[in-house]
>>> print(open('model.txt').read())   # compact mmCIF, C-alpha atoms and all ligand atoms
# COMPACT_ATOMS: atom_id res chain seq x y z
CA MET A 1 0.00 0.00 0.00
CA GLY A 2 2.97 2.29 0.37
CA TRP A 3 6.68 2.69 0.94
CA LEU A 4 8.50 4.28 3.84
CA GLY A 5 12.07 5.57 3.44
CA LEU A 6 14.49 6.82 6.07
CA ASP A 7 17.97 8.30 5.92
CA ASP A 8 20.65 10.23 7.74
CA THR A 9 19.46 9.59 11.25
CA ASP A 10 22.95 8.49 12.19
CA SER A 11 25.51 10.94 13.37
CA LEU A 12 29.12 10.15 13.98
CA ALA A 13 28.13 9.99 17.65
CA GLY A 14 27.27 6.39 16.98
CA GLY A 15 23.70 6.21 15.83
CA CYS A 16 22.79 3.90 13.02
CA THR A 17 19.87 4.27 10.67
CA THR A 18 19.25 0.49 10.81
CA LYS A 19 18.54 0.76 14.54
CA THR A 20 16.35 3.83 14.12
CA MET A 21 14.29 2.02 11.47
CA GLU A 22 14.03 -1.07 13.68
CA GLU A 23 12.62 1.00 16.56
CA LEU A 24 10.16 2.67 14.20
CA ILE A 25 9.01 -0.72 12.85
CA LEU A 26 8.62 -2.31 16.31
CA ASN A 27 6.42 0.62 17.35
CA LEU A 28 4.11 0.64 14.33
CA PRO A 29 0.38 0.21 15.06
CA LYS A 30 -0.64 -3.45 15.32
CA ASN A 31 -2.64 -3.55 12.08
CA VAL A 32 0.32 -2.53 9.88
CA GLN A 33 1.96 -5.32 7.88
CA VAL A 34 5.70 -4.92 7.43
CA GLY A 35 7.47 -6.08 4.26
CA THR A 36 11.14 -6.93 3.82
CA VAL A 37 13.31 -4.09 5.07
CA ARG A 38 15.85 -2.82 2.54
CA LEU A 39 19.31 -1.47 3.34
CA VAL A 40 20.41 0.59 0.36
CA ARG A 41 23.97 1.87 -0.03
CA LEU A 42 24.33 5.09 -2.01
CA TRP A 43 27.04 7.10 -3.79
CA PRO A 44 30.18 6.65 -1.68
CA PHE A 45 31.48 10.19 -2.39
CA ALA A 46 28.33 12.01 -1.24
CA SER A 47 29.50 14.93 0.85
CA GLY A 48 28.70 15.03 4.52
CA ARG A 49 27.84 11.37 4.67
CA THR A 50 29.03 8.78 7.10
CA ARG A 51 31.31 6.18 5.58
CA GLY A 52 28.68 3.57 4.82
CA ASN A 53 26.19 5.98 3.24
CA ALA A 54 23.16 3.74 3.75
CA ALA A 55 19.45 4.51 3.63
CA LEU A 56 16.50 2.29 4.51
CA ALA A 57 13.12 1.50 3.00
CA VAL A 58 10.23 -0.83 3.70
CA GLU A 59 6.85 -1.57 2.14
CA LEU A 60 3.99 -1.20 4.62
CA GLN A 61 0.44 -2.48 4.24
CA CYS A 62 -2.34 -0.80 6.20
CA GLU A 63 -6.08 -0.42 5.59
CA ASP A 64 -6.07 3.23 6.59
CA GLU A 65 -3.28 5.29 4.96
CA GLU A 66 -4.28 8.52 6.73
CA PHE A 67 -4.07 6.81 10.10
CA LEU A 68 -0.63 5.43 9.23
CA ILE A 69 0.67 8.82 8.05
CA ALA A 70 -0.59 10.43 11.28
CA HIS A 71 1.29 7.80 13.27
CA LEU A 72 4.48 8.38 11.21
CA ASN A 73 4.07 12.11 11.70
CA SER A 74 4.02 11.88 15.47
CA TRP A 75 6.91 9.39 15.42
CA TRP A 76 8.86 11.89 13.35
CA MET A 77 8.13 14.76 15.72
CA ASN A 78 8.97 12.82 18.88
CA GLU A 79 11.75 10.45 17.89
CA LEU A 80 13.45 11.50 14.67
CA SER A 81 13.46 15.27 14.30
CA PRO A 82 15.37 15.65 17.62
CA LEU A 83 18.27 13.79 15.91
CA LYS A 84 18.86 16.73 13.58
CA GLY A 85 22.16 18.49 14.08
CA LEU A 86 23.76 15.85 16.26
CA ILE A 87 27.46 15.50 15.82
CA SER A 88 30.01 13.41 17.53
CA PRO A 89 32.30 14.38 20.37
CA SER A 90 34.27 11.28 19.33
CA HIS A 91 38.00 11.39 18.81
CA HIS A 92 38.01 8.11 16.92
CA SER A 93 37.12 9.68 13.64
CA ASP A 94 39.25 11.71 11.29
CA ARG A 95 36.30 12.38 9.03
CA PRO A 96 34.79 15.84 8.91
CA GLN A 97 32.12 16.29 11.57
CA VAL A 98 28.93 16.85 9.63
CA PRO A 99 25.69 17.25 11.57
CA SER A 100 22.98 14.74 10.71
CA ASP A 101 19.99 16.03 8.79
CA PRO A 102 17.40 13.23 8.97
CA GLY A 103 14.80 12.71 6.30
CA MET A 104 11.74 10.45 6.07
CA VAL A 105 9.44 9.89 3.11
CA TRP A 106 6.15 8.13 2.42
CA PHE A 107 5.23 7.14 -1.14
CA ASP A 108 1.85 5.58 -1.86
CA SER A 109 3.56 3.86 -4.80
CA GLN A 110 7.22 3.21 -5.59
CA PRO A 111 8.82 6.16 -7.49
CA ASP A 112 10.71 5.69 -10.76
CA GLU A 113 13.96 3.77 -10.30
CA LEU A 114 15.82 6.54 -12.16
CA HIS A 115 16.28 8.38 -8.86
CA TYR A 116 17.96 5.33 -7.34
CA TRP A 117 20.46 5.09 -10.22
CA SER A 118 21.28 8.80 -9.87
CA ALA A 119 21.78 8.61 -6.12
CA VAL A 120 23.97 5.50 -6.25
CA GLN A 121 26.22 6.81 -9.05
CA HIS A 122 26.64 10.54 -8.46
CA HIS A 123 25.56 13.67 -6.61
CA VAL A 124 21.84 14.46 -6.44
CA ALA A 125 20.52 17.89 -5.43
CA ILE A 126 17.54 18.00 -3.09
CA ASP A 127 15.53 19.85 -5.78
CA ASP A 128 15.89 16.88 -8.14
CA VAL A 129 14.23 14.39 -5.80
CA PRO A 130 10.82 13.11 -7.00
CA PRO A 131 8.11 14.46 -4.68
CA ALA A 132 6.83 12.07 -2.03
CA THR A 133 3.24 11.64 -0.92
CA LYS A 134 4.49 13.04 2.38
CA SER A 135 7.99 13.93 3.43
CA TRP A 136 9.68 15.06 6.61
CA GLY A 137 13.06 16.64 7.31
CA GLY A 138 16.07 17.75 5.29
CA ALA A 139 18.87 16.33 3.20
CA GLY A 140 18.08 12.80 4.37
CA VAL A 141 15.07 12.89 2.02
CA ILE A 142 17.45 12.35 -0.94
CA GLY A 143 18.72 8.99 0.33
CA ALA A 144 15.35 7.98 1.81
CA THR A 145 13.71 8.42 -1.60
CA ALA A 146 16.54 6.57 -3.36
CA ALA A 147 16.07 3.63 -0.98
CA VAL A 148 12.36 3.52 -1.81
CA ALA A 149 13.12 3.77 -5.55
CA TRP A 150 15.62 0.89 -5.53
CA PRO A 151 14.14 -1.76 -7.88
CA GLY A 152 16.00 -4.58 -6.08
CA ARG A 153 16.26 -6.85 -9.11
CA THR A 154 19.79 -7.81 -8.07
CA SER A 155 20.38 -8.04 -4.35
CA THR A 156 22.29 -9.64 -1.51
CA TRP A 157 21.34 -9.89 2.18
CA GLU A 158 22.77 -8.71 5.48
CA ALA A 159 21.62 -10.03 8.84
CA ILE A 160 22.29 -7.41 11.52
CA ALA A 161 22.22 -7.75 15.32
CA TRP A 162 22.22 -4.75 17.66
CA ARG A 163 23.90 -4.24 21.02
CA HIS A 164 22.25 -3.32 24.29
CA THR A 165 24.67 -0.42 24.38
CA SER A 166 26.12 1.87 21.77
CA ASP A 167 28.96 2.79 24.09
CA GLY A 168 32.11 2.14 22.08
CA SER A 169 34.24 1.97 25.22
CA LYS A 170 32.65 -1.40 26.04
CA PRO A 171 34.46 -3.81 23.71
CA ARG A 172 32.24 -5.90 21.42
CA ARG A 173 32.30 -9.60 22.05
CA VAL A 174 31.79 -11.54 18.82
CA CYS A 175 32.89 -15.19 18.86
CA LEU A 176 35.87 -15.54 16.51
CA GLU A 177 35.50 -19.31 16.23
CA SER A 178 31.91 -19.07 14.99
CA LEU A 179 33.01 -16.32 12.62
CA GLU A 180 35.62 -18.65 11.19
CA GLU A 181 32.94 -21.32 10.75
CA ILE A 182 30.39 -19.16 8.94
CA ASP A 183 33.13 -17.70 6.75
CA SER A 184 33.43 -21.10 5.05
CA TRP A 185 29.67 -21.59 4.64
CA PRO A 186 28.44 -21.35 1.05
CA GLY A 187 26.75 -18.04 0.35
CA THR A 188 28.36 -15.88 3.02
CA PHE A 189 30.87 -13.31 1.84
CA MET A 190 33.24 -10.68 3.23
CA SER A 191 33.00 -12.00 6.78
CA ARG A 192 36.69 -12.22 7.41
CA ASP A 193 39.89 -10.88 5.90
CA PRO A 194 41.42 -14.07 4.46
CA ARG A 195 44.99 -12.80 4.95
CA SER A 196 44.89 -11.48 8.51
CA GLY A 197 41.86 -13.44 9.75
CA THR A 198 40.42 -10.15 11.05
CA SER A 199 36.65 -9.93 11.50
CA LEU A 200 34.81 -7.85 8.93
CA ILE A 201 31.36 -8.39 10.46
CA ALA A 202 31.63 -6.04 13.46
CA PRO A 203 32.00 -2.26 13.28
CA ARG A 204 34.56 -0.52 15.48
CA GLY A 205 33.86 2.09 18.11
CA HIS A 206 30.55 3.79 18.81
CA SER A 207 27.70 1.99 17.08
CA PRO A 208 24.57 0.17 18.21
CA VAL A 209 25.43 -2.56 15.69
CA LEU A 210 26.93 -5.70 17.23
CA CYS A 211 27.60 -7.39 13.90
CA GLY A 212 26.27 -7.83 10.40
CA VAL A 213 26.68 -10.97 8.31
CA ARG A 214 26.50 -10.72 4.50
CA ALA A 215 25.27 -13.53 2.29
CA LYS A 216 23.84 -14.19 -1.15
CA THR A 217 20.45 -15.36 0.15
CA GLU A 218 18.18 -14.34 3.01
CA LEU A 219 18.31 -17.81 4.54
CA GLU A 220 22.10 -18.02 4.44
CA ALA A 221 22.45 -14.59 6.09
CA SER A 222 19.92 -15.38 8.83
CA LYS A 223 21.40 -18.81 9.58
CA ALA A 224 24.95 -17.46 9.73
CA LEU A 225 23.99 -14.64 12.11
CA ALA A 226 22.05 -17.07 14.32
CA HIS A 227 25.17 -19.25 14.47
CA VAL A 228 27.36 -16.34 15.64
CA LEU A 229 24.75 -15.19 18.19
CA SER A 230 24.30 -18.70 19.58
CA SER A 231 27.91 -18.83 20.76
CA GLN A 232 28.46 -18.16 24.44
CA HIS A 233 31.48 -16.07 23.42
CA THR A 234 29.24 -13.59 21.63
CA GLU A 235 27.57 -10.92 23.78
CA ARG A 236 23.75 -11.04 24.15
CA SER A 237 22.17 -9.05 21.36
CA ALA A 238 19.25 -6.65 21.65
CA GLY A 239 17.46 -8.01 18.56
CA SER A 240 18.24 -8.63 14.93
CA ARG A 241 16.84 -8.39 11.42
CA THR A 242 17.84 -9.61 7.95
CA PHE A 243 17.92 -6.84 5.35
CA MET A 244 17.68 -7.08 1.58
CA THR A 245 20.56 -4.95 0.25
CA ASN A 246 22.22 -3.58 -2.86
CA GLN A 247 25.62 -4.42 -1.39
CA ALA A 248 27.93 -6.31 -3.76
CA THR A 249 25.79 -5.39 -6.77
CA GLY A 250 28.30 -3.00 -8.36
CA ASP A 251 25.38 -0.63 -9.04
CA HIS A 252 27.58 2.40 -8.34
CA LEU A 253 29.84 1.74 -11.35
CA GLN A 254 29.43 2.27 -15.08
CA PRO A 255 30.45 -0.55 -17.45
CA ALA A 256 34.21 -0.91 -17.96
CA THR A 257 36.11 1.72 -19.95
CA ARG A 258 38.85 0.68 -22.37
CA ALA A 259 41.67 3.18 -22.86
CA MET A 260 45.35 3.60 -23.63
CA VAL A 261 47.85 4.60 -20.96
CA GLU A 262 49.45 7.92 -21.92
CA GLU A 263 51.45 8.81 -18.84
CA ILE A 264 51.89 7.42 -15.37
CA GLU A 265 53.11 8.97 -12.13
CA VAL A 266 53.75 6.96 -8.99
CA HIS A 267 54.08 8.62 -5.60
CA PRO A 268 57.37 7.23 -4.27
CA GLN A 269 56.31 6.90 -0.62
CA ARG A 270 52.58 6.50 -0.59
CA LYS A 271 52.40 4.35 -3.72
CA HIS A 272 49.49 6.27 -5.27
CA ALA A 273 49.45 5.82 -9.02
CA ARG A 274 48.05 8.51 -11.26
CA ILE A 275 47.38 7.20 -14.74
CA GLN A 276 46.70 9.63 -17.56
CA THR A 277 44.76 7.68 -20.20
CA SER A 278 43.02 8.38 -23.48
CA ASP A 279 39.83 8.44 -21.37
CA GLY A 280 40.60 10.58 -18.34
CA ILE A 281 42.83 10.36 -15.29
CA TRP A 282 42.57 7.23 -13.18
CA VAL A 283 43.99 7.02 -9.68
CA SER A 284 44.81 4.02 -7.50
CA PHE A 285 45.81 4.01 -3.85
CA GLY A 286 48.00 1.74 -1.75
CA GLU A 287 44.95 0.20 -0.06
CA GLY A 288 43.84 -1.07 -3.48
CA GLY A 289 46.34 -3.95 -3.17
CA PRO A 290 46.44 -5.81 -6.50
CA VAL A 291 44.74 -2.87 -8.29
CA ASN A 292 47.56 -0.59 -7.15
CA GLN A 293 50.23 -3.20 -7.92
CA LEU A 294 48.97 -3.60 -11.49
CA SER A 295 48.56 0.19 -11.88
CA ARG A 296 52.17 0.79 -10.94
CA TRP A 297 53.34 -1.83 -13.46
CA LEU A 298 51.63 -0.03 -16.37
CA LYS A 299 53.60 1.86 -19.03
CA ASN A 300 52.69 4.26 -21.81
CA GLY A 301 50.94 2.57 -24.70
CA ASP A 302 49.43 -0.27 -22.67
CA ILE A 303 45.73 -0.91 -23.27
CA VAL A 304 43.66 -1.32 -20.11
CA GLU A 305 40.06 -1.83 -19.02
CA MET A 306 38.93 -0.06 -15.87
CA LYS A 307 35.98 0.50 -13.59
CA GLY A 308 35.84 3.25 -11.01
CA LEU A 309 34.05 6.22 -9.52
CA LYS A 310 34.52 9.81 -10.60
CA SER A 311 35.62 12.00 -7.69
CA ASP A 312 35.15 15.73 -7.09
CA ASP A 313 38.42 16.65 -8.81
CA GLY A 314 37.32 14.85 -12.00
CA THR A 315 39.70 11.90 -11.63
CA PHE A 316 38.38 8.35 -11.47
CA HIS A 317 39.21 6.22 -8.45
CA LEU A 318 40.06 2.76 -9.74
CA GLU A 319 38.08 -0.17 -8.33
CA GLN A 320 38.72 -2.86 -10.92
CA LEU A 321 41.46 -3.10 -13.50
CA ARG A 322 42.66 -5.41 -16.27
CA VAL A 323 45.49 -5.00 -18.74
CA VAL A 324 44.41 -6.03 -22.23
CA SER A 325 47.69 -5.64 -24.13
CA TRP A 326 51.09 -4.26 -23.27
CA ASN A 327 54.41 -3.36 -24.79
CA ALA A 328 57.67 -5.05 -23.93
CA ARG A 329 59.27 -3.61 -20.80
CA ASN A 330 62.90 -4.26 -21.72
CA LYS A 331 65.14 -4.88 -24.72
CA GLN A 332 68.14 -7.16 -25.01
CA ARG A 333 70.81 -8.04 -27.56
CA PRO A 334 69.98 -10.88 -29.95
CA LEU A 335 71.39 -14.42 -29.62
CA CYS A 336 74.14 -15.57 -31.92
CA SER A 337 72.60 -17.56 -34.77
CA VAL A 338 75.46 -20.07 -34.68
CA CYS A 339 76.10 -20.77 -30.98
CA ASN A 340 72.99 -19.32 -29.32
CA VAL A 341 75.04 -17.11 -27.00
CA ARG A 342 73.88 -13.56 -26.20
CA MET A 343 75.75 -11.12 -28.42
CA LYS A 344 77.54 -8.02 -27.06
CA SER A 345 77.70 -4.44 -28.27
CA MET A 346 81.00 -3.34 -29.77
CA GLY A 347 80.31 0.30 -28.90
CA ARG A 348 78.27 3.02 -30.46
CA ASP A 349 77.44 2.27 -34.14
CA GLN A 350 79.89 -0.65 -34.17
CA GLY A 351 77.37 -3.48 -34.25
CA VAL A 352 77.24 -6.52 -31.97
CA ARG A 353 79.55 -9.50 -31.74
CA CYS A 354 79.27 -13.05 -30.41
CA PRO A 355 81.74 -13.45 -27.49
CA LYS A 356 82.28 -17.12 -28.48
CA CYS A 357 82.59 -17.38 -32.28
CA LYS A 358 83.14 -13.64 -32.85
CA LEU A 359 80.36 -13.47 -35.45
CA ARG A 360 79.39 -9.82 -36.05
CA GLN A 361 76.13 -8.31 -37.14
CA ASP A 362 74.29 -4.97 -37.15
CA ASP A 363 73.36 -3.32 -33.89
CA THR A 364 69.85 -4.63 -33.03
CA TRP A 365 67.67 -5.19 -30.00
CA ASP A 366 65.10 -7.90 -29.20
CA ASP A 367 62.11 -7.45 -26.87
CA VAL A 368 62.33 -9.15 -23.50
CA PRO A 369 59.00 -10.96 -23.06
CA SER A 370 57.22 -9.49 -20.04
CA GLU A 371 54.10 -10.48 -18.13
CA PRO A 372 51.93 -8.25 -15.96
CA PRO A 373 51.66 -9.26 -12.29
CA PHE A 374 48.01 -10.18 -12.97
CA LEU A 375 46.56 -11.39 -16.26
CA ASP A 376 42.87 -11.10 -15.33
CA TRP A 377 40.71 -8.49 -13.61
CA VAL A 378 41.88 -7.41 -10.16
CA GLU A 379 40.03 -5.82 -7.23
CA PRO A 380 41.06 -4.44 -3.80
CA PRO A 381 41.41 -6.86 -0.86
CA VAL A 382 38.11 -7.49 1.00
CA SER A 383 39.13 -5.24 3.89
CA SER A 384 39.28 -2.17 1.67
CA ARG A 385 36.44 -2.93 -0.74
CA ARG A 386 33.33 -0.77 -0.84
CA HIS A 387 30.01 -2.16 0.40
CA LEU A 388 28.69 -1.73 -3.14
CA ALA A 389 31.63 -3.40 -4.88
CA ARG A 390 30.69 -6.58 -6.69
CA PRO A 391 33.35 -9.22 -5.93
CA LEU A 392 34.94 -10.63 -9.10
CA ASP A 393 34.11 -14.19 -8.06
CA PHE A 394 30.37 -13.38 -8.02
CA ASP A 395 30.15 -13.58 -11.81
ZN ZN A 401 78.51 -17.40 -31.92
>>> encode(input="model.txt", output="structure tokens")
Amino acid sequence: MGWLGLDDTDSLAGGCTTKTMEELILNLPKNVQVGTVRLVRLWPFASGRTRGNAALAVELQCEDEEFLIAHLNSWWMNELSPLKGLISPSHHSDRPQVPSDPGMVWFDSQPDELHYWSAVQHHVAIDDVPPATKSWGGAGVIGATAAVAWPGRTSTWEAIAWRHTSDGSKPRRVCLESLEEIDSWPGTFMSRDPRSGTSLIAPRGHSPVLCGVRAKTELEASKALAHVLSSQHTERSAGSRTFMTNQATGDHLQPATRAMVEEIEVHPQRKHARIQTSDGIWVSFGEGGPVNQLSRWLKNGDIVEMKGLKSDDGTFHLEQLRVVSWNARNKQRPLCSVCNVRMKSMGRDQGVRCPKCKLRQDDTWDDVPSEPPFLDWVEPPVSSRRHLARPLDFD
């Protein structure tokens, strides 16, 4: 009968829009039927957003729409609008402290998906948001509407459990053994950093989220979270829910671009690579792991395929990279045609000579065959991949 969207109720002080939505849902009037709740990640470069940039949406069924809107209105006034302007006193964050500006929307039918695609791929101004049946609040309306507009044809799932406290000074207890177990279950993904073994399911610091387990299906996500929560080494949770998400869909990226490398600069200490190509400037950072390693190997004239997000300064931040063809990296003297020994230069314009049989010939060079460090597409390690990034092994 209608769609509710919610965004930007979290501040860096440790709120989380998932928890705010959960409280709203648990306090809906009894006769309201609640659909599958959607956790929708949006454009990662949106200014003033917390790192995850997530909004929420849910389809609600109720006989009396006016009654439901009146309920939402009072919930907004009492519970959500007071969250406006909150910022964090936290010292854990080096991100700019941007006050939250919550937004809530009600649509009696789902708006065109065009708004979702805009909000997941680039900046959207508040004036360009399709009008809701009823809307509350400020900038959060942009993400809230995008979450409602998400068509959800491709999705994954995340099962989230909340803590009794959002006090980051009380360390989270999440059983590492159960984490290791679910990491090997079919369907779960990005639970653990395979190299360091570090947990990727629990946030750090101030957050009401205890942990969130990602999987390809709803059942796999729910079962894996239940397994972690059932361990006596995991702290008691204050409730949980399994969300349908656009994580790991790659929706934020355009199809791959093919271009020629024209110039490359590598920062000697920080390992950033800045690649001038026939189709714009592409940048890779040290955290990109294999993407950065392959970037730094590139030379002028190589043909590459790339996927990435355009940043404010007009450069593209590389997320996936493949080298299609490349020139030889080095040259060497030819082998002697008689004894197969590497010939040596006799000096400038003097030709080359075999050190064994003394055969002479004109001064020439052969290419040294070279191979890139990776022959196929590469992506950053799981620990520095975006929520939206579609893992290469998903295809
Ligand atoms: Zn020879």
>>> residues_near_ligand(input="model.txt", ligand="ligand ZN 401 (chain A)", cutoff="7 Å", atoms="all atoms listed in the file", output="list in words")
Cys336, Ser337, Val338, Cys339, Asn340, Val341, Cys354, Pro355, Lys356, Cys357, Lys358 and Leu359 of chain A
>>> closest_residue(input="model.txt", among="A:Met346, A:Leu294, A:Ala224, A:Ala46", to="Ser311 (chain A)", atoms="only C-alpha atoms")
A:Ala46
>>> residues_around(input="model.txt", residues="region 184-199 of chain A", least_positions_apart="2", cutoff="6 Å", atoms="only C-alpha atoms", output="ChimeraX atom specification")
/A:181-182,201,214-216
>>> closest_residue(input="model.txt", among="A:Lys19, A:His227, A:Arg270, A:Arg172", to="Pro208 (chain A)", atoms="all atoms listed in the file")
A:Lys19
>>> atom_distance(input="model.txt", atom1="CA of Trp365 (chain A)", atom2="CA of Arg333 (chain A)")
4.9 Å
>>> residues_near_point(input="model.txt", point="(44.7, 11.5, -24.4)", cutoff="12 Å", atoms="all atoms listed in the file", output="PyMOL selection string")
chain A and resi 259-263+275-281+300-301
>>> closest_residue(input="model.txt", among="A:Thr242, A:Gln232, A:Ser135, A:Thr249", to="Leu176 (chain A)", atoms="all atoms listed in the file")
A:Gln232
>>> residues_around(input="model.txt", residues="Pro130 (chain A)", least_positions_apart="5", cutoff="10 Å", atoms="all atoms listed in the file", output="list of chain:residue names")
A:Pro111, A:Asp112, A:Leu114, A:His115, A:Val141, A:Ile142, A:Thr145, A:Ala146, A:Ala149
>>> atom_distance(input="model.txt", atom1="CA of Cys62 (chain A)", atom2="CA of Leu83 (chain A)")
27.1 Å
>>> atom_distance(input="model.txt", atom1="CA of Asn330 (chain A)", atom2="CA of Pro373 (chain A)")
15.5 Å
>>> residues_around(input="model.txt", residues="Glu66 (chain A)", least_positions_apart="3", cutoff="12 Å", atoms="only C-alpha atoms", output="PDB file with C-alpha atoms, in the frame of the given file")
ATOM      1  CA  MET A   1       0.000   0.000   0.000  1.00  0.00           C
ATOM      2  CA  GLY A   2       2.970   2.290   0.370  1.00  0.00           C
ATOM      3  CA  CYS A  62      -2.340  -0.800   6.200  1.00  0.00           C
ATOM      4  CA  GLU A  63      -6.080  -0.420   5.590  1.00  0.00           C
ATOM      5  CA  ILE A  69       0.670   8.820   8.050  1.00  0.00           C
ATOM      6  CA  ALA A  70      -0.590  10.430  11.280  1.00  0.00           C
ATOM      7  CA  HIS A  71       1.290   7.800  13.270  1.00  0.00           C
ATOM      8  CA  LEU A  72       4.480   8.380  11.210  1.00  0.00           C
ATOM      9  CA  ASN A  73       4.070  12.110  11.700  1.00  0.00           C
ATOM     10  CA  TRP A 106       6.150   8.130   2.420  1.00  0.00           C
ATOM     11  CA  ASP A 108       1.850   5.580  -1.860  1.00  0.00           C
ATOM     12  CA  THR A 133       3.240  11.640  -0.920  1.00  0.00           C
ATOM     13  CA  LYS A 134       4.490  13.040   2.380  1.00  0.00           C
TER      14      LYS A 134
END
>>> closest_residue(input="model.txt", among="A:Leu24, A:Ala54, A:Val174, A:Val32", to="Asn78 (chain A)", atoms="only C-alpha atoms")
A:Leu24
>>> closest_residue(input="model.txt", among="A:Gln61, A:Ser81, A:Asn31, A:Thr315", to="Asp7 (chain A)", atoms="all atoms listed in the file")
A:Ser81
>>> axis_aligned_box(input="model.txt", around="region 238-248 of chain A", padding_each_side="3 Å", output="AutoDock Vina command-line options")
--center_x 22.4 --center_y -6.6 --center_z 8.9 --size_x 17.1 --size_y 12.0 --size_z 31.4
>>> closest_residue(input="model.txt", among="A:Ile25, A:Val324, A:Leu225, A:Leu200", to="Arg258 (chain A)", atoms="all atoms listed in the file")
A:Val324
>>> decode(input="model.txt", residues="region 211-228 of chain A", atoms="N, CA and C atoms", output="mmCIF file, in the first residue's frame")
data_model
loop_
_atom_site.group_PDB
_atom_site.id
_atom_site.type_symbol
_atom_site.label_atom_id
_atom_site.label_comp_id
_atom_site.auth_asym_id
_atom_site.auth_seq_id
_atom_site.Cartn_x
_atom_site.Cartn_y
_atom_site.Cartn_z
ATOM 1 N N CYS A 211 26.950 -6.846 15.098
ATOM 2 C CA CYS A 211 27.602 -7.390 13.903
ATOM 3 C C CYS A 211 26.595 -7.514 12.771
ATOM 4 N N GLY A 212 27.112 -7.652 11.573
ATOM 5 C CA GLY A 212 26.267 -7.826 10.398
ATOM 6 C C GLY A 212 26.902 -8.857 9.485
ATOM 7 N N VAL A 213 26.136 -9.899 9.122
ATOM 8 C CA VAL A 213 26.681 -10.974 8.307
ATOM 9 C C VAL A 213 26.078 -10.907 6.907
ATOM 10 N N ARG A 214 26.963 -10.835 5.896
ATOM 11 C CA ARG A 214 26.504 -10.720 4.502
ATOM 12 C C ARG A 214 26.436 -12.091 3.840
ATOM 13 N N ALA A 215 25.396 -12.268 3.023
ATOM 14 C CA ALA A 215 25.268 -13.533 2.290
ATOM 15 C C ALA A 215 24.463 -13.312 1.016
ATOM 16 N N LYS A 216 24.531 -14.328 0.136
ATOM 17 C CA LYS A 216 23.842 -14.194 -1.150
ATOM 18 C C LYS A 216 22.338 -14.397 -1.021
ATOM 19 N N THR A 217 21.892 -15.160 -0.024
ATOM 20 C CA THR A 217 20.451 -15.358 0.147
ATOM 21 C C THR A 217 20.033 -14.960 1.567
ATOM 22 N N GLU A 218 18.738 -14.727 1.716
ATOM 23 C CA GLU A 218 18.180 -14.343 3.009
ATOM 24 C C GLU A 218 18.414 -15.449 4.042
ATOM 25 N N LEU A 219 18.168 -16.693 3.619
ATOM 26 C CA LEU A 219 18.307 -17.810 4.538
ATOM 27 C C LEU A 219 19.752 -17.974 5.005
ATOM 28 N N GLU A 220 20.685 -17.865 4.075
ATOM 29 C CA GLU A 220 22.103 -18.022 4.437
ATOM 30 C C GLU A 220 22.552 -16.928 5.408
ATOM 31 N N ALA A 221 22.080 -15.696 5.188
ATOM 32 C CA ALA A 221 22.455 -14.593 6.087
ATOM 33 C C ALA A 221 21.870 -14.829 7.483
ATOM 34 N N SER A 222 20.588 -15.186 7.535
ATOM 35 C CA SER A 222 19.916 -15.379 8.830
ATOM 36 C C SER A 222 20.546 -16.528 9.609
ATOM 37 N N LYS A 223 20.816 -17.634 8.906
ATOM 38 C CA LYS A 223 21.396 -18.806 9.577
ATOM 39 C C LYS A 223 22.792 -18.499 10.112
ATOM 40 N N ALA A 224 23.579 -17.768 9.312
ATOM 41 C CA ALA A 224 24.945 -17.458 9.729
ATOM 42 C C ALA A 224 24.947 -16.525 10.942
ATOM 43 N N LEU A 225 24.055 -15.535 10.945
ATOM 44 C CA LEU A 225 23.990 -14.638 12.114
ATOM 45 C C LEU A 225 23.548 -15.414 13.348
ATOM 46 N N ALA A 226 22.538 -16.281 13.176
ATOM 47 C CA ALA A 226 22.055 -17.073 14.318
ATOM 48 C C ALA A 226 23.192 -17.911 14.897
ATOM 49 N N HIS A 227 24.056 -18.432 14.009
ATOM 50 C CA HIS A 227 25.171 -19.253 14.474
ATOM 51 C C HIS A 227 26.141 -18.419 15.324
ATOM 52 N N VAL A 228 26.446 -17.215 14.883
ATOM 53 C CA VAL A 228 27.364 -16.344 15.642
ATOM 54 C C VAL A 228 26.730 -15.955 16.984
#
